[in-house]
Amino acid sequence: MLMEVKTLFDKIWDNHVVHQIENGPNVLYIDKHFIHEVTSPQAFAGLKERGIGVYRPEQTVATADHNVPTQDQHLPIKDALSRHQVDTLIKNCDEFGVELYGLGHPYQGIVHVIGPELGITQPGMTIVCGDSHTSTHGAFGNIAFGIGTSEVEQVLATQCVLQRKPKTMKIQIDGVLNKGVVSKDIILYVISKLSTSGGTGYFIEFCGSAIEGLSMEARMTICNMSIEMGARGGLIAPDDTTFNYIKDREFAPKGELWERKLAYWKTLKSDKGASFDKEIHFKAEDIEPMITYGTNPGMGIGVSETIPAVNGQSDVTLKKALEYMDLTGGSQLLGKKVDYVFIGSCTNSRIEDLRMVADLVKGKKKAEHVNAMIIPGSKQVEKQAVTEGIDKVLAEAGFELRQPGCSACLGMNEDKVPKGKYCVSTSNRNFEGRQGPGARTMLASPLTAAASAITGHVTDVREMLN
Amino acid sequence: MEKFKTLKSTCIPLPLQDIDTDQIIPARFLKATTREGFGDNLFRDWRYKENDHLNPDFILNQPGITGDVLVAGENFGCGSSREHAAWALFDFGFKVVISSFFADIFKNNALNNGLLPVQVSNEFLNLLFEKIQADPSTEVNVSLEDQEISIAGTDFKESFEINPYKKYCLVQGYDDIDFLISKKEEIKEFEDNRLEVAR
C-alpha cells in the first residue's frame with residue numbers, strides 16, 4: 001500500500017482537526033494557549049457575558065509583557081491605564097483558574113521567550129496567542145500562529161479555533177553563513193526578497209543546511225519574523241538541537257514519557273517528495289549583514305548597499321516611507337548617525353543574543369551620544385546574564401540593562417524613541433511610529449545594533465570582527 | 001454581531017500600500033479593557049499632528065469626504081494581530097473595507113466583527129480610486145448576498161470571494177463561538193481519542 005506523502009505542516013495540522021465545516025474553516029484543536037494583558041481582557045469579558053468558564057485552564061499560560069514598565073517592576077505601575085490592564089489580567093487568571101507568571105514571578109517575561117525556555121513549547125503541538133509573533137514557537141517543529149481577541153475567546157471557551165488551512169511554502173537556505181551574519185540577517189534578507197506580503201496565505205517550512213546549523217535561539221528569530229512577510233507562521237523540523245534544548249527544562253516531559261515523546265518527535269518531518277504550494281531557495285553565502293531603510297520589514301538592504309530610488313510618481317508607498325525616515329534613495333545607510341540602540345523584543349532578547357552583544361562590546365564603550373538600552377526577554381534571561389557577568393560587561397560599555405518586557409519594540413510603555421530620532425533596533429517592525437510617534441527605526445541584528453552603538457553610526461559589523 | 005446584507009455608500013480613499021495595524025491603531029492606545037471607543041484613535045498619528053491638532057491634509061479630516069466604506073491600497077492590515085484595528089474601524093463607522101489584498105489575521109478579525117473585507121482586482125481598485133478622486137460623491141453598492149460590488153451609476157462591477165461559512169455568519173449575525181460551543185461533544189471525543197505522545 002502506498003503511504004500518503006505529507007509535509008510536516010500537513011501532518012501536524014491534520015492531527016488537530018476536530019471537525020471540517022463543508023466549504024468552511026476547520027475546527028482546529030489547540031494544545032497550548034498563551035495569553036497576555038493586552039489582547040485577553042475583552043475575551044474574558046465575553047466569557048463572563050456568556051456565563052461560561054475557561055474550558056482547559058491547564059492548557060493556558062499567562063504572563064504580563066506588552067504593557068509593563070522595564071524599571072522598578074517591584075513598585076505599583078505608575079500609568080493608571082496600564083496598571084488597570086495588568087490588574088485585570090491578574091483578576092481574570094485568578095477567577096478562571098489560569099496560571100499567571102506576572103510581574104515579580106521568576107518565570108515572567110515576553111510570552112514568546114518564556115514558552116520555549118520553560119519547556120512548554122514542544123514539537124508537534126498547536127500553539128496560539130493573541131500576538132502575531134506567536135510564529136516564534138514554530139522553531140520547535142509545531143504549528144504556532146497569532147490570533148485576534150475573538151479567537152482568543154474561542155480558544156478559552158472551547159480549546160479550539162476556527163481556521164482555514166493555509167497553503168504551504170518551503171524556504172530552503174543552504175550553505176555557510178558569512179562572518180558577521182546571523183539568523184536575523186537571514187530572515188531580513190528573505191523578507192526583503194519576498195516583500196511584506198509575499199508569504200500571506202502560507203505557512204512556511206524553513207529548511208536547508210544553513211537552518212540546520214542554527215541554535216534554537218537563532219531558529220526562533222527566523223520563525224518569529226515569518227509574520228513580517230505575511231505568513232501566519234513558520235516552522236523548522238525538530239532535530240537533536242531541538243531535543244537537547246528542551247530536555248530537562250521545567251515543563252519538559254521527564255523519564256519514560258520523555259523517551260516516548262522523543263520517539264514521536266523524531267517522526268516529525270516532511271516526507272521525502274512531499275509537495276509544497278511554493279518552494280524558494282536561497283544561498284547563505286549571498287547574505288550580508290542586513291538593515292532596513294523604510295517603514296516595513298520588507299524594506300531592507302545589505303548594510304553595504306544603497307537605498308532604492310523612488311521610481312516615478314507611482315511609487316507613493318516608498319516615497320512616503322523615505323520622507324518619514326528622512327532618507328534619500330540612492331544613498332547609503334552606512335555611516336548614518338544613530339541616536340538610539342534597542343536590543344530586545346521577542347525577536348532578539350534571549351541569552352544567546354545578550355552573549356553575542358557582550359562578546360562584541362567587551363572592553364569597548366558606546367558612543368557618547370547614543371542611548372543604548374538592552375531589555376532581557378525574561379526574568380530567567382536576566383538571571384542568567386547576571387550569572388555569566390554579562391550585566392557587568394554591558395554596564396562597563398555604557399549599555400543600560402533593564403527588566404523584562406516588550407518595551408520599545410512597540411512603544412506601549414514609557415520606553416519610546418523620540419520623534420525624528422534614529423534607532424537601530426533588534427525588534428521586528430519598523431512601521432511608522434512603532435517605537436513612538438515619529439520614531440525612525442532601522443531593523444538589524446544584535447551584532448549590527450551593538451556595533452552601531454559603539455561607533456555611533458550605522459556600522460558594518462564585519463569591520464569590527466577583523 | 002451586527003448582520004450585514006447590502007450597503008450603498010460613498011467612500012474614503014487611502015491609496016497607500018501595506019497599511020499596517022500600527023497605523024490603524026497605535027499600540028499606546030491599546031490599554032483599554034473593553035471593545036468600545038477605539039474609533040477616537042483610528043489612524044491617530046495620521047489624523048493628528050503633534051499637540052493633538054487635526055492634520056488638515058489627512059483624508060478623514062477633509063471637508064465633504066464621508067462614507068461607510070474605506071478604500072485602501074494592497075496588503076491592508078499587515079503587522080500585529082491586534083483586533084483593536086478592526087474594532088477601531090468599525091467604531092469609527094466603517095462597515096466595509098475594499099482593497100486588492102488583505103493581511104490574513106486582519107481579515108479574520110474584521111469578519112469576526114461584522115466589518116466586511118471586500119477583495120477586488122488591482123484594476124477595479126485603481127478605477128475606484130480614479131472615480132473617487134474625480135468625484136468624491138461616487139458611491140459603491142456592496143451586496144454580500146450576491147457577492148458583488150459595483151460603482152453606482154456605472155457599469156463597473158466585480159464579484160468578490162467570501163467563504164460560504166463566513167458569509168452565512170455575517171448575514172445571520174452569528175458568531176464563531178456559538179458554533180464552537182455547539183461542537184463541545186465532538187471536541188471532548190477528540191480529546192479522549194488522542195495519543196498521549198501527541199499531546
# chains A, B, ... in the order shown; residues from 1 in each chain; ligands from 1
$ interface_residues --of "chain B" --to "chain A" --cutoff "8 Å" --atoms "only C-alpha atoms" --output "count of residues only"
45
$ closest_residue --among "A:Ile35, A:Met325, A:Leu334, A:Met216" --to "Arg350 of chain A" --atoms "only C-alpha atoms"
A:Met216
$ closest_residue --among "B:Asn41, B:Thr66, B:Asn126, B:Gln119" --to "Thr138 of chain B" --atoms "only C-alpha atoms"
B:Thr66
$ select_by_dssp --residues "segment 63-305 of chain A" --states "alpha helix (DSSP H)" --output "PyMOL selection string"
chain A and resi 80-96+111-117+149-158+183-194+209-212+216-224+240-246+255-265
$ atom_distance --atom1 "atom CA of Ile211 of chain A" --atom2 "atom CA of Ser445 of chain A"
16.5 Å
